[in-house]
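Working notes, structure below.
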Amino acid sequence: MTIKSDPIAYFQQLYAQVENVPLSNAMSLATASSDGKPTVRMVLLKHVDERGFVFYTNDLSPKATQIKDNPYAALCFWWTTIGFQIRVEGTVTQVSAQESDAYFASRPRNSQISAWASKQSQSIKTTALFQKKVALVEKKFHNQPIPRPSFWSGYLITPSMIEFWENKIHRLHHRLVYHRKQQGWSTELLQP
Ligand SMILES: Cc1cc2nc3c(=O)[nH]c(=O)nc-3n(C[C@H](O)[C@H](O)[C@H](O)COP(=O)(O)O)c2cc1C
């Protein structure tokens, strides 16, 4: 399969061109409630391979709750140095416990601690109170390796659609869309 016939390989080829650009792994993640109300926020792409796109989060967060109720998501990247917008749509599943464990183990200790300390997106009276929670977690795991919290894991977006939008002069932007077929992908060009 040539790179152009495989959108994930094409994504990886472009991603390699922006790997030194700060936050080139930042992507907006759109999810929706079961009654169709959308929410969008940034997350970090931590892994991409032939399966799709993986990010990590708190399993009790609003985004994870929406994914549980409605396991579809959309992603959007904007890579300004090469003038590409990449949109992805697909289904969402949790990655295996082993995959989440391996990634969690690779994180800086302070990030591991804050994953334990945070009831993500729940309200808290003051920042000082959250710092107290962090200190308690530090104390609990003092001088020990920190295991992955049972409420924190990776999510895989298996793409059914990937669009590459390339900035061109005079708004003659190039838009190439891939749709997943039973076998392989179909492609079409869209007007800008
Ligand atoms: C650049 C950037 C990267 C982020 N990466 C993540 C991430 O990888 N995982 C995560 O849970 N939150 C990440 N966040 C925070 C989310 O945008 C969001 O505030 C948080 O996950 C709560 O979202 P929710 O209430 O919709 O679940 C990131 C924020 C920014 C600005």
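Here, A, B, ... name the chains of the structure tokens in the order displayed, residue numbers run from 1 inside each chain, and ligands are numbered from 1 in the same displayed order.
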Point to revise | Exercise answer, 6 Å around ligand 1 with only C-alpha atoms and all ligand atoms, as a ChimeraX atom specification | key: /A:26,41-44,55-58,61-63,121
Check your understanding: Excluding same-chain residues fewer than 3 positions from region 90-94 of chain A, what lies within 9 Å of it counting only C-alpha atoms, as a ChimeraX atom specification?
Key -> /A:67-68,70-75,97,153-162
Practice item. From a DSSP calculation on the backbone, collect every residue of region 22-135 of chain A in strand (DSSP E) and output the set as a ChimeraX atom specification. Key: /A:26-32,38-44,47-49,52-58,72-79,84-94
Exercise for review: Tell me which of A:Ser111, A:Ser186, A:Gln85, A:Ser100 sits closest to Phe151 (chain A), counting only C-alpha atoms.
Suggested key: A:Ser100
Review point. In terms of the shortest atom-to-atom distance over only C-alpha atoms, which of A:Ser33, A:Ser114, A:Lys119, A:Thr187 is closest to Gln131 (chain A)?
Key: A:Ser114
Exercise for review: Just the residues within 8 Å of Phe104 (chain A), please, counting only C-alpha atoms, with nothing from its chain fewer than 3 positions along; format it as a list in words.
Suggested key: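 Everything that qualifies: Ser100, Asp101, Arg107, Gln112, Pro147 and Arg148 of chain A.
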Go ahead and dump the residues you just picked, C-alpha atoms, as a PDB file, in the first residue's frame.
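The resulting file, out05.pdb, is reproduced below:
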ATOM      1  CA  SER A 100      -2.608   1.965  29.557  1.00  0.00           C
ATOM      2  CA  ASP A 101      -0.281   0.561  32.242  1.00  0.00           C
ATOM      3  CA  ARG A 107       4.854   9.367  32.471  1.00  0.00           C
ATOM      4  CA  GLN A 112       1.239  10.268  37.681  1.00  0.00           C
ATOM      5  CA  PRO A 147       0.495   2.255  39.708  1.00  0.00           C
ATOM      6  CA  ARG A 148      -2.050   3.424  37.156  1.00  0.00           C
TER       7      ARG A 148
END
Review point. Which is closest to Ala16 (chain A) among A:Ile82, A:His170, A:Ser150, A:Gln182, if we use only C-alpha atoms?
Key: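 Ranking A:Ile82, A:His170, A:Ser150, A:Gln182 by distance to Ala16 (chain A), first place goes to A:Ile82.
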Exercise for review: Provide the CA of Lys181 (chain A) to CA of Asp49 (chain A) distance in Å, to one decimal place.
Suggested key: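 Pair CA of Lys181 (chain A) / CA of Asp49 (chain A) returns 18.2 Å.
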Revision key, fill the gap. CA of Glu99 (chain A) sits from CA of Gln13 (chain A) at a separation of 23.7 Å
Check your understanding: Got a sec: who's within 12 Å of Tyr10 (chain A), counting only C-alpha atoms, leaving out chain neighbours fewer than 2 positions off, as a list of chain:residue names?
Key ->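 The contact residues come out as A:Met1, A:Thr2, A:Ile3, A:Lys4, A:Ser5, A:Asp6, A:Pro7, A:Ile8, A:Gln12, A:Gln13, A:Leu14, A:Tyr15, A:Ala16, A:Gln17, A:Val48, A:Asp49, A:Glu50, A:Ile86, A:Ile162, A:Glu163, A:Phe164, A:Leu176, A:Val177, A:Tyr178.
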Just to be explicit: take each residue in the selection above, keep N, CA and C atoms, and write the result as a PDB file, in the first residue's frame.
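So the final result, stored in out_5.pdb, reads:
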ATOM      1  N   MET A   1       0.845  -1.200   0.000  1.00  0.00           N
ATOM      2  CA  MET A   1       0.000   0.000   0.000  1.00  0.00           C
ATOM      3  C   MET A   1       0.888   1.261   0.000  1.00  0.00           C
ATOM      4  N   THR A   2       0.644   2.161  -0.931  1.00  0.00           N
ATOM      5  CA  THR A   2       1.446   3.387  -0.915  1.00  0.00           C
ATOM      6  C   THR A   2       0.895   4.312   0.171  1.00  0.00           C
ATOM      7  N   ILE A   3       1.689   5.271   0.566  1.00  0.00           N
ATOM      8  CA  ILE A   3       1.272   6.174   1.632  1.00  0.00           C
ATOM      9  C   ILE A   3      -0.028   6.893   1.279  1.00  0.00           C
ATOM     10  N   LYS A   4      -0.188   7.320   0.049  1.00  0.00           N
ATOM     11  CA  LYS A   4      -1.405   8.057  -0.324  1.00  0.00           C
ATOM     12  C   LYS A   4      -2.654   7.187  -0.280  1.00  0.00           C
ATOM     13  N   SER A   5      -2.504   5.875  -0.410  1.00  0.00           N
ATOM     14  CA  SER A   5      -3.707   5.038  -0.351  1.00  0.00           C
ATOM     15  C   SER A   5      -4.054   4.658   1.092  1.00  0.00           C
ATOM     16  N   ASP A   6      -3.152   4.944   2.029  1.00  0.00           N
ATOM     17  CA  ASP A   6      -3.395   4.627   3.437  1.00  0.00           C
ATOM     18  C   ASP A   6      -3.353   5.940   4.236  1.00  0.00           C
ATOM     19  N   PRO A   7      -4.522   6.441   4.679  1.00  0.00           N
ATOM     20  CA  PRO A   7      -4.524   7.767   5.319  1.00  0.00           C
ATOM     21  C   PRO A   7      -3.760   7.809   6.631  1.00  0.00           C
ATOM     22  N   ILE A   8      -3.688   6.673   7.335  1.00  0.00           N
ATOM     23  CA  ILE A   8      -2.958   6.729   8.616  1.00  0.00           C
ATOM     24  C   ILE A   8      -1.454   6.844   8.341  1.00  0.00           C
ATOM     25  N   GLN A  12       0.974   9.849   9.416  1.00  0.00           N
ATOM     26  CA  GLN A  12       2.271   9.661  10.088  1.00  0.00           C
ATOM     27  C   GLN A  12       3.397  10.378   9.343  1.00  0.00           C
ATOM     28  N   GLN A  13       3.305  10.363   8.012  1.00  0.00           N
ATOM     29  CA  GLN A  13       4.330  11.030   7.199  1.00  0.00           C
ATOM     30  C   GLN A  13       4.313  12.549   7.473  1.00  0.00           C
ATOM     31  N   LEU A  14       3.114  13.127   7.539  1.00  0.00           N
ATOM     32  CA  LEU A  14       3.008  14.571   7.815  1.00  0.00           C
ATOM     33  C   LEU A  14       3.406  14.882   9.260  1.00  0.00           C
ATOM     34  N   TYR A  15       3.001  14.002  10.177  1.00  0.00           N
ATOM     35  CA  TYR A  15       3.290  14.186  11.613  1.00  0.00           C
ATOM     36  C   TYR A  15       4.808  14.255  11.827  1.00  0.00           C
ATOM     37  N   ALA A  16       5.531  13.430  11.072  1.00  0.00           N
ATOM     38  CA  ALA A  16       7.005  13.438  11.186  1.00  0.00           C
ATOM     39  C   ALA A  16       7.566  14.811  10.806  1.00  0.00           C
ATOM     40  N   GLN A  17       6.858  15.511   9.930  1.00  0.00           N
ATOM     41  CA  GLN A  17       7.342  16.834   9.501  1.00  0.00           C
ATOM     42  C   GLN A  17       7.121  17.906  10.567  1.00  0.00           C
ATOM     43  N   VAL A  48      -0.101   6.853  17.669  1.00  0.00           N
ATOM     44  CA  VAL A  48      -0.878   6.611  16.447  1.00  0.00           C
ATOM     45  C   VAL A  48      -0.248   5.413  15.748  1.00  0.00           C
ATOM     46  N   ASP A  49      -1.081   4.482  15.339  1.00  0.00           N
ATOM     47  CA  ASP A  49      -0.596   3.350  14.556  1.00  0.00           C
ATOM     48  C   ASP A  49      -1.720   2.903  13.628  1.00  0.00           C
ATOM     49  N   GLU A  50      -1.579   1.736  12.992  1.00  0.00           N
ATOM     50  CA  GLU A  50      -2.564   1.329  11.983  1.00  0.00           C
ATOM     51  C   GLU A  50      -3.966   1.178  12.575  1.00  0.00           C
ATOM     52  N   ILE A  86      -6.185  18.480   9.746  1.00  0.00           N
ATOM     53  CA  ILE A  86      -6.552  17.070   9.569  1.00  0.00           C
ATOM     54  C   ILE A  86      -7.726  16.768  10.482  1.00  0.00           C
ATOM     55  N   ILE A 162     -11.040  10.297   7.356  1.00  0.00           N
ATOM     56  CA  ILE A 162      -9.916  11.215   7.624  1.00  0.00           C
ATOM     57  C   ILE A 162      -9.851  12.195   6.457  1.00  0.00           C
ATOM     58  N   GLU A 163      -9.838  13.485   6.806  1.00  0.00           N
ATOM     59  CA  GLU A 163      -9.718  14.509   5.768  1.00  0.00           C
ATOM     60  C   GLU A 163      -8.421  15.292   5.946  1.00  0.00           C
ATOM     61  N   PHE A 164      -7.687  15.438   4.847  1.00  0.00           N
ATOM     62  CA  PHE A 164      -6.474  16.254   4.817  1.00  0.00           C
ATOM     63  C   PHE A 164      -6.803  17.536   4.050  1.00  0.00           C
ATOM     64  N   LEU A 176      -8.577  16.384   0.597  1.00  0.00           N
ATOM     65  CA  LEU A 176      -8.595  14.964   0.234  1.00  0.00           C
ATOM     66  C   LEU A 176      -9.248  14.197   1.383  1.00  0.00           C
ATOM     67  N   VAL A 177     -10.336  13.512   1.096  1.00  0.00           N
ATOM     68  CA  VAL A 177     -11.077  12.784   2.129  1.00  0.00           C
ATOM     69  C   VAL A 177     -10.993  11.288   1.883  1.00  0.00           C
ATOM     70  N   TYR A 178     -10.743  10.562   2.964  1.00  0.00           N
ATOM     71  CA  TYR A 178     -10.718   9.090   2.910  1.00  0.00           C
ATOM     72  C   TYR A 178     -11.906   8.557   3.716  1.00  0.00           C
TER      73      TYR A 178
END
Review point. How would you write, as a ChimeraX atom specification, the set of residues in region 3-174 of chain A that DSSP gives as alpha helix (DSSP H)?
Key: /A:7-17,62-69,97-106,109-117,127-140
Taking C-alpha atoms for each residue, export the selection above as a tab-separated table (two decimals), in the first residue's frame.
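New file part_3.tsv:
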chain	number	residue	atom	x	y	z
A	7	PRO	CA	-4.52	7.77	5.32
A	8	ILE	CA	-2.96	6.73	8.62
A	9	ALA	CA	0.43	6.27	6.95
A	10	TYR	CA	-0.11	9.63	5.24
A	11	PHE	CA	-0.92	11.17	8.66
A	12	GLN	CA	2.27	9.66	10.09
A	13	GLN	CA	4.33	11.03	7.20
A	14	LEU	CA	3.01	14.57	7.82
A	15	TYR	CA	3.29	14.19	11.61
A	16	ALA	CA	7.00	13.44	11.19
A	17	GLN	CA	7.34	16.83	9.50
A	62	PRO	CA	-17.34	14.28	31.25
A	63	LYS	CA	-15.61	13.31	27.99
A	64	ALA	CA	-15.25	9.67	29.07
A	65	THR	CA	-18.87	9.61	30.24
A	66	GLN	CA	-19.99	10.92	26.86
A	67	ILE	CA	-17.86	8.30	25.11
A	68	LYS	CA	-19.43	5.56	27.25
A	69	ASP	CA	-22.93	6.79	26.30
A	97	ALA	CA	-5.15	-2.38	30.51
A	98	GLN	CA	-1.62	-3.43	29.53
A	99	GLU	CA	-1.34	-0.59	27.02
A	100	SER	CA	-2.61	1.97	29.56
A	101	ASP	CA	-0.28	0.56	32.24
A	102	ALA	CA	2.73	0.83	29.94
A	103	TYR	CA	1.95	4.42	28.99
A	104	PHE	CA	1.19	5.45	32.60
A	105	ALA	CA	4.51	3.96	33.72
A	106	SER	CA	6.32	6.09	31.14
A	109	ARG	CA	6.10	11.04	38.40
A	110	ASN	CA	4.41	14.42	38.93
A	111	SER	CA	1.94	13.67	36.13
A	112	GLN	CA	1.24	10.27	37.68
A	113	ILE	CA	0.52	11.99	40.99
A	114	SER	CA	-1.85	14.52	39.48
A	115	ALA	CA	-3.74	11.77	37.66
A	116	TRP	CA	-4.37	10.18	41.07
A	117	ALA	CA	-5.22	13.48	42.76
A	127	THR	CA	-6.35	25.66	44.36
A	128	ALA	CA	-4.79	25.18	47.78
A	129	LEU	CA	-7.26	22.37	48.48
A	130	PHE	CA	-6.18	20.62	45.30
A	131	GLN	CA	-2.51	21.05	46.30
A	132	LYS	CA	-3.40	19.31	49.57
A	133	LYS	CA	-4.82	16.39	47.59
A	134	VAL	CA	-1.58	16.24	45.58
A	135	ALA	CA	0.47	16.22	48.80
A	136	LEU	CA	-1.63	13.35	50.17
A	137	VAL	CA	-1.00	11.28	47.04
A	138	GLU	CA	2.74	12.06	47.23
A	139	LYS	CA	2.74	10.85	50.83
A	140	LYS	CA	0.77	7.70	50.01
